[in-house]
Amino acid sequence: MVGKICVIGAGPSGLSVLCWFSKLAKDGRQIPEIVCYEKQSNWGGLWNYSWRTGSDEHGEPVHGSMYRYLWSNGPKECLEFPHYTFEEHFGKAIPSFPPREVLFDYLKGRWTKEDVRKWIKFSTVVRDVVYNEESDDFTVSVKDLESDQVLESEKFDYVIVASGHYSVPNVPTFEGIEKFPGRVMHAHDFRDANEFKGKNLMLIGASYSAEDIALQCLKYGAANIVCTWRSKPMGFKWPKEITERPLVQKLEGKTATFKDGSTAEVDVIMMCTGYLHSYPFLRENLRLKSRNVLYPPGLFKGMVWQEGGNNKLLYAGVQDQYYTYTMFDVVGLWLAKYILKDISLPDKSTMDADWKTWVARNKELKDCNEEIDFQTDFVQDLVKDCGSDYPYNLDVKEMFYEWEHHKDLDILSYRDQSFASKFTGTKSPIHHTTFMKAMDDSMKTFMGV
């Protein structure tokens with residue numbers, strides 16, 4: 001029987017592991033001793049909003065990239081737990097695109113139901129994880145941030161890394177930016193769109209954060225927004241205040257010059273240039289190094305690290321995401337079943353061939369529909385491995401296709417659409433206020449209480 005496991009991070013991925021161990025224990029299974037280390041003072045990972053940027057109250061880098069007024073940018077029906085539906089949690093059907101506070105409340109409902117808080121050590125940051133070849137276990141060193149003390153190292157049989165990969169910003173540089181007389185920032189530090197009312201913004205990037213922050217800033221009164229892209233534009237039917245230009249080449253004062261020779265006057269530069277996989281607490285042979293992709297290399301089933309740790313160093317939630325809560329859910333169960341020896345691994349060459357096949361397929365994906373199909377296959381593969389413990393079909397690719405189509409039709413109103421729950425069949429009500437006019441994102445206002 002496995003003695004002790006360490007989970008690093010109490011966000012949706014780490015807590016999915018804890019929830020499944022709790023459920024299996026209730027079902028009569030003997031489970032290992034569990035310790036979950038969380039740097040923040042509360043659970044939730046990115047969903048735990050903080051006003052802070054830069055450093056937290058202990059001098060640690062701020063983890064959160066969450067901003068005020070964030071609403072789900074995909075239908076909640078695509079992330080609904082099959083065994084804990086939105087209707088079960090809220091007691092009624094709710095609109096398809098809730099704000100952050102509503103989604104966080106839903107997650108907390110699941111975590112509270114499974115009583116997992118008892119396993120979490122808050123305000124505790126992991127400093128060092130070493131795999132011990134001789135004893136086939138790990139030594140983990142942590143610091144208690146409240147008492148400002150490095151604690152005695154502990155030994156663990158398995159380590160699950162669930163510390164997230166949307167907290168360390170990727171920050172490129174551009175000619176002349178060091179003399180730019182306005183604000184320069186990364187989306188990681190974006191908190192409130194009201195700050196940019198009446199301003200001319202340049203957003204560098206062409207992915208989800210650029211798309212959503214452009215809409216947020218327009219909604220709260222920005223004058224003009226230029227989104228500048230490296231590979232290809234987002235290509236939506238933007239309102240006149242939002243334009244797209246090829247990559248910015250240089251800055252002279254407040255004048256930005258783009259690759260096509262055009263220029264724009266800007267007050268603020270915001271880099272929506274993504275995040276880095278960063279695991280400074282892991283020794284080199286345990287450390288995943290990857291861009292943000294749907295299948296990072298070196299991981300059997302997207303979880304079991306192949307370069308060190310004897311298949312006992314596990315990663316949860318390291319994929320780029322279309323699927324979110326449900327993917328984290330089945331990952332959590334798969335890891336719990338693996339640690340309990342319900343799932344066995346093939347030989348090393350088979351595992352290497354398997355992850356390399358996924359990585360190669362990932363590199364060939366041509367558009368969002370192919371990406372959705374890829375992640376659907378990945379999730380369903382894990383569901384299959386979990387057998388009767390997970391008797392649910394998580395395939396929501398048709399819903400994802402429809403969502404992408406709505407965005408192509410009108411980027412301003414896609415959040416005003418309605419979807420039906422895959423698990424209850426109930427079609428969501430239309431929200432009482434359209435997204436671009438819904439300035440109050442509180443749960444009380446959203447729920448119409």
# chains A, B, ... in the order shown; residues from 1 in each chain; ligands from 1
call {"tool": "select_by_dssp", "arguments": {"residues": "region 304-369 of chain A", "states": "alpha helix (DSSP H)", "output": "compact mmCIF listing (two decimals) with C-alpha atoms, in the first residue's frame"}}
result
# COMPACT_ATOMS: atom_id res chain seq x y z
CA TYR A 325 -13.01 21.16 -15.20
CA THR A 326 -14.05 17.83 -16.73
CA MET A 327 -10.54 17.14 -18.03
CA PHE A 328 -9.07 17.95 -14.61
CA ASP A 329 -11.74 15.69 -13.09
CA VAL A 330 -10.87 12.59 -15.08
CA VAL A 331 -7.14 13.34 -14.71
CA GLY A 332 -7.69 13.40 -10.93
CA LEU A 333 -9.44 10.03 -10.97
CA TRP A 334 -6.85 8.49 -13.32
CA LEU A 335 -4.03 9.57 -10.98
CA ALA A 336 -5.83 8.28 -7.89
CA LYS A 337 -6.48 4.91 -9.55
CA TYR A 338 -2.88 4.71 -10.75
CA ILE A 339 -1.51 5.40 -7.25
CA LYS A 348 8.99 2.17 -21.16
CA SER A 349 9.26 1.82 -24.94
CA THR A 350 5.46 1.53 -25.26
CA MET A 351 4.94 4.62 -23.10
CA ASP A 352 7.51 6.61 -25.08
CA ALA A 353 5.92 5.62 -28.39
CA ASP A 354 2.49 6.57 -27.05
CA TRP A 355 3.33 10.12 -25.90
CA LYS A 356 5.40 10.77 -29.01
CA THR A 357 2.41 9.82 -31.19
CA TRP A 358 0.22 12.34 -29.35
CA VAL A 359 2.89 15.06 -29.59
CA ALA A 360 3.33 14.46 -33.33
CA ARG A 361 -0.44 14.64 -33.91
CA ASN A 362 -0.61 17.85 -31.84
CA LYS A 363 1.97 19.49 -34.15
CA CYS A 368 -9.62 25.06 -33.75
CA ASN A 369 -11.94 22.21 -34.78
call {"tool": "atom_distance", "arguments": {"atom1": "CA of Lys312 (chain A)", "atom2": "CA of Lys39 (chain A)"}}
result
22.4 Å
call {"tool": "closest_residue", "arguments": {"among": "A:Ser123, A:Cys386, A:Lys407, A:Leu218", "to": "Gly235 (chain A)", "atoms": "only C-alpha atoms"}}
result
A:Lys407
call {"tool": "residues_around", "arguments": {"residues": "region 110-118 of chain A", "least_positions_apart": "2", "cutoff": "10 Å", "atoms": "only C-alpha atoms", "output": "PDB file with C-alpha atoms, in the first residue's frame"}}
result
ATOM      1  CA  ALA A  10      -4.855  23.543  -4.445  1.00  0.00           C
ATOM      2  CA  PRO A  12      -8.957  22.854  -9.806  1.00  0.00           C
ATOM      3  CA  LEU A  15      -8.292  19.460  -5.822  1.00  0.00           C
ATOM      4  CA  SER A  16      -9.685  17.036  -8.416  1.00  0.00           C
ATOM      5  CA  VAL A  17      -7.096  14.523  -7.177  1.00  0.00           C
ATOM      6  CA  LEU A  18      -8.120  15.170  -3.570  1.00  0.00           C
ATOM      7  CA  CYS A  19     -11.829  14.887  -4.392  1.00  0.00           C
ATOM      8  CA  TRP A  20     -11.372  11.486  -5.982  1.00  0.00           C
ATOM      9  CA  PHE A  21      -9.297  10.132  -3.107  1.00  0.00           C
ATOM     10  CA  SER A  22     -12.051  11.361  -0.777  1.00  0.00           C
ATOM     11  CA  LYS A  23     -14.738   9.662  -2.874  1.00  0.00           C
ATOM     12  CA  LYS A  26     -16.031   6.899   1.218  1.00  0.00           C
ATOM     13  CA  ILE A  34      -2.258  13.053   1.550  1.00  0.00           C
ATOM     14  CA  VAL A  35      -0.555  16.410   1.986  1.00  0.00           C
ATOM     15  CA  CYS A  36      -1.455  19.250  -0.395  1.00  0.00           C
ATOM     16  CA  ASN A  42      -7.073  30.051   0.176  1.00  0.00           C
ATOM     17  CA  TRP A  43      -7.965  27.371  -2.341  1.00  0.00           C
ATOM     18  CA  GLY A  44      -8.921  27.930  -5.978  1.00  0.00           C
ATOM     19  CA  PHE A  81     -19.124  17.922 -13.844  1.00  0.00           C
ATOM     20  CA  HIS A  83     -21.684  13.907 -11.149  1.00  0.00           C
ATOM     21  CA  TYR A  84     -22.177  17.440  -9.726  1.00  0.00           C
ATOM     22  CA  THR A  85     -24.206  19.565 -12.120  1.00  0.00           C
ATOM     23  CA  HIS A  89     -25.315  23.150  -6.971  1.00  0.00           C
ATOM     24  CA  ASP A 105     -18.804  29.102  -6.106  1.00  0.00           C
ATOM     25  CA  TYR A 106     -19.609  26.014  -8.185  1.00  0.00           C
ATOM     26  CA  LEU A 107     -16.075  24.650  -7.763  1.00  0.00           C
ATOM     27  CA  LYS A 108     -16.115  25.337  -4.017  1.00  0.00           C
ATOM     28  CA  ILE A 120      -4.368  21.335   2.480  1.00  0.00           C
ATOM     29  CA  LYS A 121      -1.524  23.255   4.086  1.00  0.00           C
ATOM     30  CA  PHE A 122      -2.129  26.878   3.078  1.00  0.00           C
TER      31      PHE A 122
END
call {"tool": "select_by_dssp", "arguments": {"residues": "region 4-245 of chain A", "states": "strand (DSSP E or B)", "output": "PyMOL selection string"}}
result
chain A and resi 4-8+33-37+55+61+71+81+84+99+120-121+124-132+137-144+149-150+154-156+158-161+169+175+183-186+200-204+224-229+242-245
call {"tool": "closest_residue", "arguments": {"among": "A:Glu265, A:Asn170, A:Asp389, A:Asp56", "to": "Asp27 (chain A)", "atoms": "only C-alpha atoms"}}
result
A:Asp389
call {"tool": "atom_distance", "arguments": {"atom1": "CA of Tyr37 (chain A)", "atom2": "CA of Glu57 (chain A)"}}
result
17.6 Å
call {"tool": "closest_residue", "arguments": {"among": "A:Asp381, A:Glu195, A:Glu101, A:Glu60", "to": "Asp395 (chain A)", "atoms": "only C-alpha atoms"}}
result
A:Asp381
call {"tool": "atom_distance", "arguments": {"atom1": "CA of Arg100 (chain A)", "atom2": "CA of Arg68 (chain A)"}}
result
8.2 Å
call {"tool": "closest_residue", "arguments": {"among": "A:Pro75, A:Gly221, A:Gly309, A:Gly176", "to": "Phe196 (chain A)", "atoms": "only C-alpha atoms"}}
result
A:Gly221
call {"tool": "closest_residue", "arguments": {"among": "A:Ala193, A:Ala214, A:Met66, A:Leu276", "to": "Asn48 (chain A)", "atoms": "only C-alpha atoms"}}
result
A:Met66
call {"tool": "closest_residue", "arguments": {"among": "A:Trp71, A:Phe190, A:Tyr158, A:Tyr295", "to": "Glu364 (chain A)", "atoms": "only C-alpha atoms"}}
result
A:Tyr295
call {"tool": "residues_around", "arguments": {"residues": "Ala316 (chain A)", "least_positions_apart": "4", "cutoff": "7 Å", "atoms": "only C-alpha atoms", "output": "mmCIF file with all heavy atoms, in the first residue's frame"}}
result
data_model
loop_
_atom_site.group_PDB
_atom_site.id
_atom_site.type_symbol
_atom_site.label_atom_id
_atom_site.label_comp_id
_atom_site.auth_asym_id
_atom_site.auth_seq_id
_atom_site.Cartn_x
_atom_site.Cartn_y
_atom_site.Cartn_z
ATOM 1 N N SER A 13 -7.054 21.501 -10.581
ATOM 2 C CA SER A 13 -6.401 20.219 -10.901
ATOM 3 C C SER A 13 -6.009 19.454 -9.644
ATOM 4 O O SER A 13 -6.338 18.268 -9.494
ATOM 5 C CB SER A 13 -5.169 20.457 -11.775
ATOM 6 O OG SER A 13 -5.538 20.864 -13.066
ATOM 7 N N GLY A 14 -5.303 20.119 -8.734
ATOM 8 C CA GLY A 14 -4.898 19.448 -7.514
ATOM 9 C C GLY A 14 -6.080 18.988 -6.691
ATOM 10 O O GLY A 14 -6.084 17.869 -6.138
ATOM 11 N N ILE A 160 2.585 14.839 -7.006
ATOM 12 C CA ILE A 160 1.731 15.316 -8.095
ATOM 13 C C ILE A 160 1.907 16.825 -8.217
ATOM 14 O O ILE A 160 1.633 17.567 -7.272
ATOM 15 C CB ILE A 160 0.246 14.972 -7.843
ATOM 16 C CG1 ILE A 160 0.064 13.452 -7.769
ATOM 17 C CG2 ILE A 160 -0.636 15.561 -8.942
ATOM 18 C CD1 ILE A 160 -1.333 13.019 -7.348
ATOM 19 N N VAL A 161 2.387 17.263 -9.372
ATOM 20 C CA VAL A 161 2.605 18.685 -9.627
ATOM 21 C C VAL A 161 1.341 19.264 -10.260
ATOM 22 O O VAL A 161 0.988 18.923 -11.391
ATOM 23 C CB VAL A 161 3.820 18.907 -10.551
ATOM 24 C CG1 VAL A 161 4.030 20.396 -10.806
ATOM 25 C CG2 VAL A 161 5.074 18.279 -9.956
ATOM 26 N N ALA A 162 0.644 20.115 -9.510
ATOM 27 C CA ALA A 162 -0.609 20.721 -9.992
ATOM 28 C C ALA A 162 -0.565 22.225 -9.712
ATOM 29 O O ALA A 162 -1.549 22.815 -9.275
ATOM 30 C CB ALA A 162 -1.807 20.069 -9.300
ATOM 31 N N MET A 303 0.436 12.787 -18.135
ATOM 32 C CA MET A 303 0.556 12.899 -16.676
ATOM 33 C C MET A 303 1.833 12.302 -16.098
ATOM 34 O O MET A 303 2.413 12.861 -15.171
ATOM 35 C CB MET A 303 -0.639 12.194 -16.004
ATOM 36 C CG MET A 303 -1.969 12.889 -16.212
ATOM 37 S SD MET A 303 -3.330 11.932 -15.501
ATOM 38 C CE MET A 303 -3.680 10.802 -16.830
ATOM 39 N N VAL A 331 -8.568 13.435 -15.038
ATOM 40 C CA VAL A 331 -7.138 13.343 -14.710
ATOM 41 C C VAL A 331 -6.980 12.999 -13.221
ATOM 42 O O VAL A 331 -6.170 12.135 -12.844
ATOM 43 C CB VAL A 331 -6.402 14.664 -15.051
ATOM 44 C CG1 VAL A 331 -5.072 14.774 -14.311
ATOM 45 C CG2 VAL A 331 -6.173 14.761 -16.553
#
call {"tool": "residues_around", "arguments": {"residues": "Ser50 (chain A)", "least_positions_apart": "2", "cutoff": "10 Å", "atoms": "only C-alpha atoms", "output": "list in words"}}
result
Gln40, Leu46, Trp47, Asn48, Arg52, Thr53, Asp56, Val62, His63, Gly64, Ser65, Met66, Tyr67, Arg68 and Arg191 of chain A
call {"tool": "write_last_selection", "arguments": {"atoms": "all heavy atoms", "output": "CSV table (one decimal), in the first residue's frame"}}
result
chain,number,residue,atom,x,y,z
A,40,GLN,N,-1.0,30.0,-1.8
A,40,GLN,CA,-1.9,31.1,-1.4
A,40,GLN,C,-2.6,30.8,-0.1
A,40,GLN,O,-2.5,29.6,0.4
A,40,GLN,CB,-3.0,31.3,-2.5
A,40,GLN,CG,-2.3,31.7,-3.9
A,40,GLN,CD,-3.4,31.9,-4.9
A,40,GLN,OE1,-3.8,33.0,-5.2
A,40,GLN,NE2,-3.8,30.8,-5.6
A,46,LEU,N,-6.1,29.9,-9.9
A,46,LEU,CA,-6.3,31.1,-10.6
A,46,LEU,C,-7.7,31.7,-10.3
A,46,LEU,O,-7.9,32.9,-10.5
A,46,LEU,CB,-6.2,30.8,-12.1
A,46,LEU,CG,-4.8,30.7,-12.7
A,46,LEU,CD1,-4.9,30.6,-14.2
A,46,LEU,CD2,-3.9,31.9,-12.3
A,47,TRP,N,-8.6,30.9,-9.8
A,47,TRP,CA,-10.0,31.3,-9.6
A,47,TRP,C,-10.1,32.2,-8.3
A,47,TRP,O,-11.1,32.8,-8.0
A,47,TRP,CB,-11.0,30.2,-9.5
A,47,TRP,CG,-11.1,29.6,-10.9
A,47,TRP,CD1,-10.4,28.5,-11.4
A,47,TRP,CD2,-11.9,30.0,-12.0
A,47,TRP,NE1,-10.7,28.3,-12.7
A,47,TRP,CE2,-11.6,29.2,-13.1
A,47,TRP,CE3,-12.8,31.1,-12.1
A,47,TRP,CZ2,-12.3,29.4,-14.3
A,47,TRP,CZ3,-13.5,31.3,-13.3
A,47,TRP,CH2,-13.2,30.4,-14.4
A,48,ASN,N,-9.0,32.1,-7.5
A,48,ASN,CA,-8.9,32.9,-6.3
A,48,ASN,C,-8.4,34.3,-6.6
A,48,ASN,O,-7.2,34.5,-6.6
A,48,ASN,CB,-8.0,32.1,-5.3
A,48,ASN,CG,-7.8,32.8,-4.0
A,48,ASN,OD1,-8.6,33.7,-3.6
A,48,ASN,ND2,-6.7,32.5,-3.3
A,52,ARG,N,-3.7,42.0,-5.8
A,52,ARG,CA,-2.2,42.2,-5.8
A,52,ARG,C,-1.6,41.9,-7.2
A,52,ARG,O,-2.1,41.0,-7.9
A,52,ARG,CB,-1.5,41.3,-4.8
A,52,ARG,CG,-1.9,41.7,-3.4
A,52,ARG,CD,-1.2,40.7,-2.4
A,52,ARG,NE,-1.6,41.0,-1.0
A,52,ARG,CZ,-1.0,41.9,-0.2
A,52,ARG,NH1,0.0,42.6,-0.7
A,52,ARG,NH2,-1.4,42.1,1.0
A,53,THR,N,-0.6,42.6,-7.6
A,53,THR,CA,0.2,42.2,-8.7
A,53,THR,C,1.7,42.3,-8.3
A,53,THR,O,2.0,42.9,-7.2
A,53,THR,CB,0.1,43.2,-9.9
A,53,THR,OG1,0.4,44.5,-9.4
A,53,THR,CG2,-1.4,43.2,-10.4
A,56,ASP,N,3.3,39.1,-3.5
A,56,ASP,CA,2.2,39.0,-2.5
A,56,ASP,C,2.7,39.5,-1.2
A,56,ASP,O,3.7,40.1,-1.0
A,56,ASP,CB,1.7,37.5,-2.5
A,56,ASP,CG,2.7,36.5,-1.9
A,56,ASP,OD1,3.7,37.0,-1.3
A,56,ASP,OD2,2.5,35.3,-2.0
A,62,VAL,N,3.2,36.9,-7.2
A,62,VAL,CA,1.7,36.7,-7.3
A,62,VAL,C,1.4,35.6,-8.3
A,62,VAL,O,1.8,35.7,-9.4
A,62,VAL,CB,1.0,38.0,-7.6
A,62,VAL,CG1,-0.5,37.8,-7.9
A,62,VAL,CG2,1.1,39.0,-6.4
A,63,HIS,N,0.6,34.6,-7.8
A,63,HIS,CA,0.2,33.5,-8.7
A,63,HIS,C,-0.9,33.9,-9.7
A,63,HIS,O,-0.9,33.5,-10.8
A,63,HIS,CB,-0.3,32.3,-7.8
A,63,HIS,CG,-0.6,31.1,-8.6
A,63,HIS,ND1,0.3,30.3,-9.2
A,63,HIS,CD2,-1.8,30.6,-9.1
A,63,HIS,CE1,-0.3,29.3,-9.8
A,63,HIS,NE2,-1.6,29.5,-9.8
A,64,GLY,N,-1.9,34.7,-9.2
A,64,GLY,CA,-3.1,34.9,-9.9
A,64,GLY,C,-3.0,35.8,-11.2
A,64,GLY,O,-2.3,36.8,-11.1
A,65,SER,N,-3.7,35.4,-12.2
A,65,SER,CA,-3.8,36.2,-13.4
A,65,SER,C,-5.3,36.6,-13.6
A,65,SER,O,-5.6,37.1,-14.7
A,65,SER,CB,-3.3,35.4,-14.7
A,65,SER,OG,-1.9,35.1,-14.5
A,66,MET,N,-6.1,36.4,-12.6
A,66,MET,CA,-7.5,36.6,-12.7
A,66,MET,C,-7.8,38.1,-12.6
A,66,MET,O,-7.1,38.9,-11.9
A,66,MET,CB,-8.2,35.9,-11.6
A,66,MET,CG,-9.7,36.0,-11.6
A,66,MET,SD,-10.5,35.2,-13.0
A,66,MET,CE,-10.0,33.5,-12.8
A,67,TYR,N,-8.8,38.6,-13.4
A,67,TYR,CA,-9.1,40.0,-13.4
A,67,TYR,C,-10.6,40.2,-13.0
A,67,TYR,O,-11.4,39.3,-13.2
A,67,TYR,CB,-8.8,40.7,-14.7
A,67,TYR,CG,-9.1,40.0,-16.0
A,67,TYR,CD1,-10.3,40.1,-16.6
A,67,TYR,CD2,-8.1,39.2,-16.6
A,67,TYR,CE1,-10.6,39.5,-17.8
A,67,TYR,CE2,-8.4,38.5,-17.8
A,67,TYR,CZ,-9.6,38.7,-18.4
A,67,TYR,OH,-9.9,38.0,-19.5
A,68,ARG,N,-10.9,41.4,-12.6
A,68,ARG,CA,-12.3,41.7,-12.3
A,68,ARG,C,-13.1,41.7,-13.6
A,68,ARG,O,-12.6,41.9,-14.7
A,68,ARG,CB,-12.4,43.1,-11.6
A,68,ARG,CG,-11.9,43.2,-10.2
A,68,ARG,CD,-12.2,44.5,-9.6
A,68,ARG,NE,-13.7,44.6,-9.4
A,68,ARG,CZ,-14.3,45.8,-9.1
A,68,ARG,NH1,-13.6,46.9,-9.1
A,68,ARG,NH2,-15.6,45.8,-8.9
A,191,ARG,N,-6.0,43.9,-14.0
A,191,ARG,CA,-7.0,43.6,-12.9
A,191,ARG,C,-8.3,44.3,-13.2
A,191,ARG,O,-9.4,43.7,-12.9
A,191,ARG,CB,-6.5,44.1,-11.6
A,191,ARG,CG,-5.3,43.3,-11.0
A,191,ARG,CD,-5.7,41.9,-10.6
A,191,ARG,NE,-4.7,41.1,-10.1
A,191,ARG,CZ,-3.9,40.3,-10.8
A,191,ARG,NH1,-4.0,40.2,-12.1
A,191,ARG,NH2,-2.9,39.6,-10.2
